[in-house]
Amino acid sequence: NKTEANYLVQFSNAKNILDKLEVLEFFAAQKTQSAQAKGVFRDALKDNFWYIQEIALSLMNPDDMNASDFAMVANLAENGSKTSVQAEALSLLGEAKRKEYESLYEKGVNAQSYAVNAASLFALSKVNSKRALTVAETFEDIDNYDIIDEVGYVYSQEGDASKAAYYQNVVNTNEEVYKKYYAIYHYSIFLGRMEKNTVLDGISFIENWGKTETK
């Protein structure tokens, strides 16, 4: 079995992506990361290949990060070479609830990438939920999985009873099943915050949808 020292050497000398990914997965699985392990993730954020950056971002634990780490993540959120890297960085900042980067989230919701838009909306929802609700309303007509998922999430947390129509519209007008499933998932959470009539209407809608889907 490889030791931590072995993995540190492997990352430093890695000539291919798979060797680096193996190291990142090893250290991500640790309950308590050593200083050396944290250093590996910092190095991964500066890797020349965007995919290593993206995977590192997806595996990093906010609880093991300091202000300098978050600054590196914010730089990738704004300047990453791929929109997938930018989106992953924004999601990590949101997960960590880093309010100091709220202006970055505001910029991201206007980007030319749905993945970046959705990740920015997620991050915004973690630091300014009322503002996120306002932004989500401008995304209602966008037929994109990432956007539908994130608008559904924001409405489940902050939307009033009128937002039930959004979930029902997504389910009724989309052909892609996975979009419907995620709308139903968020709708069910949304209903947990509503008053009786909205809940009963929602339950009836979901039951009828379920019968139609299983035919």
# chains A, B, ... in the order shown; residues from 1 in each chain; ligands from 1

call {"tool": "select_by_dssp", "arguments": {"residues": "stretch 103-137 of chain A", "states": "helix (DSSP H, G or I)", "output": "list in words"}}
result
Ser103, Leu104, Tyr105, Glu106, Lys107, Gly108, Tyr114, Ala115, Val116, Asn117, Ala118, Ala119, Ser120, Leu121, Phe122, Ala123, Leu124, Ser125, Lys126, Val127, Ser129, Lys130, Arg131, Ala132, Leu133, Thr134, Val135, Ala136 and Glu137 of chain A

call {"tool": "atom_distance", "arguments": {"atom1": "atom CA of A:Ile55", "atom2": "atom CA of A:Tyr105"}}
result
20.8 Å

call {"tool": "atom_distance", "arguments": {"atom1": "atom CA of A:Val73", "atom2": "atom CA of A:Lys97"}}
result
13.0 Å

call {"tool": "residues_around", "arguments": {"residues": "A:Asn75", "least_positions_apart": "2", "cutoff": "12 Å", "atoms": "only C-alpha atoms", "output": "list in words"}}
result
Leu45, Lys46, Gln53, Ser68, Asp69, Phe70, Ala71, Met72, Val73, Ala77, Glu78, Asn79, Gly80, Ser81, Val85, Gln86, Ala87, Glu88, Ala89, Leu90, Leu93, Tyr101 and Leu104 of chain A

call {"tool": "residues_around", "arguments": {"residues": "A:Asp160", "least_positions_apart": "6", "cutoff": "9 Å", "atoms": "only C-alpha atoms", "output": "JSON, numbers by chain"}}
result
{"A": [190, 193, 194]}

call {"tool": "write_last_selection", "arguments": {"atoms": "N, CA, C and O atoms", "output": "PDB file, in the first residue's frame"}}
result
ATOM      1  N   PHE A 190     -39.985  22.676  -1.795  1.00  0.00           N
ATOM      2  CA  PHE A 190     -40.725  23.939  -1.791  1.00  0.00           C
ATOM      3  C   PHE A 190     -42.052  23.785  -1.049  1.00  0.00           C
ATOM      4  O   PHE A 190     -42.425  24.629  -0.229  1.00  0.00           O
ATOM      5  N   ARG A 193     -42.649  24.271   2.730  1.00  0.00           N
ATOM      6  CA  ARG A 193     -42.714  25.616   3.322  1.00  0.00           C
ATOM      7  C   ARG A 193     -44.064  26.292   3.101  1.00  0.00           C
ATOM      8  O   ARG A 193     -44.275  27.407   3.584  1.00  0.00           O
ATOM      9  N   MET A 194     -44.966  25.649   2.353  1.00  0.00           N
ATOM     10  CA  MET A 194     -46.198  26.296   1.920  1.00  0.00           C
ATOM     11  C   MET A 194     -47.389  26.013   2.836  1.00  0.00           C
ATOM     12  O   MET A 194     -47.349  25.121   3.680  1.00  0.00           O
TER      13      MET A 194
END

call {"tool": "residues_around", "arguments": {"residues": "A:Ala123", "least_positions_apart": "2", "cutoff": "9 Å", "atoms": "only C-alpha atoms", "output": "ChimeraX atom specification"}}
result
/A:90-99,102,105,118-121,125-128,132

call {"tool": "closest_residue", "arguments": {"among": "A:Leu57, A:Ile147, A:Leu124, A:Val135", "to": "A:Ser103", "atoms": "only C-alpha atoms"}}
result
A:Leu124

call {"tool": "atom_distance", "arguments": {"atom1": "atom CA of A:Lys180", "atom2": "atom CA of A:Asn208"}}
result
13.4 Å

call {"tool": "closest_residue", "arguments": {"among": "A:Tyr182, A:Gly202, A:Ala111, A:Ile142", "to": "A:Lys163", "atoms": "only C-alpha atoms"}}
result
A:Gly202

call {"tool": "closest_residue", "arguments": {"among": "A:Val177, A:Ala44, A:Leu24, A:Ala161", "to": "A:Gly192", "atoms": "only C-alpha atoms"}}
result
A:Ala161
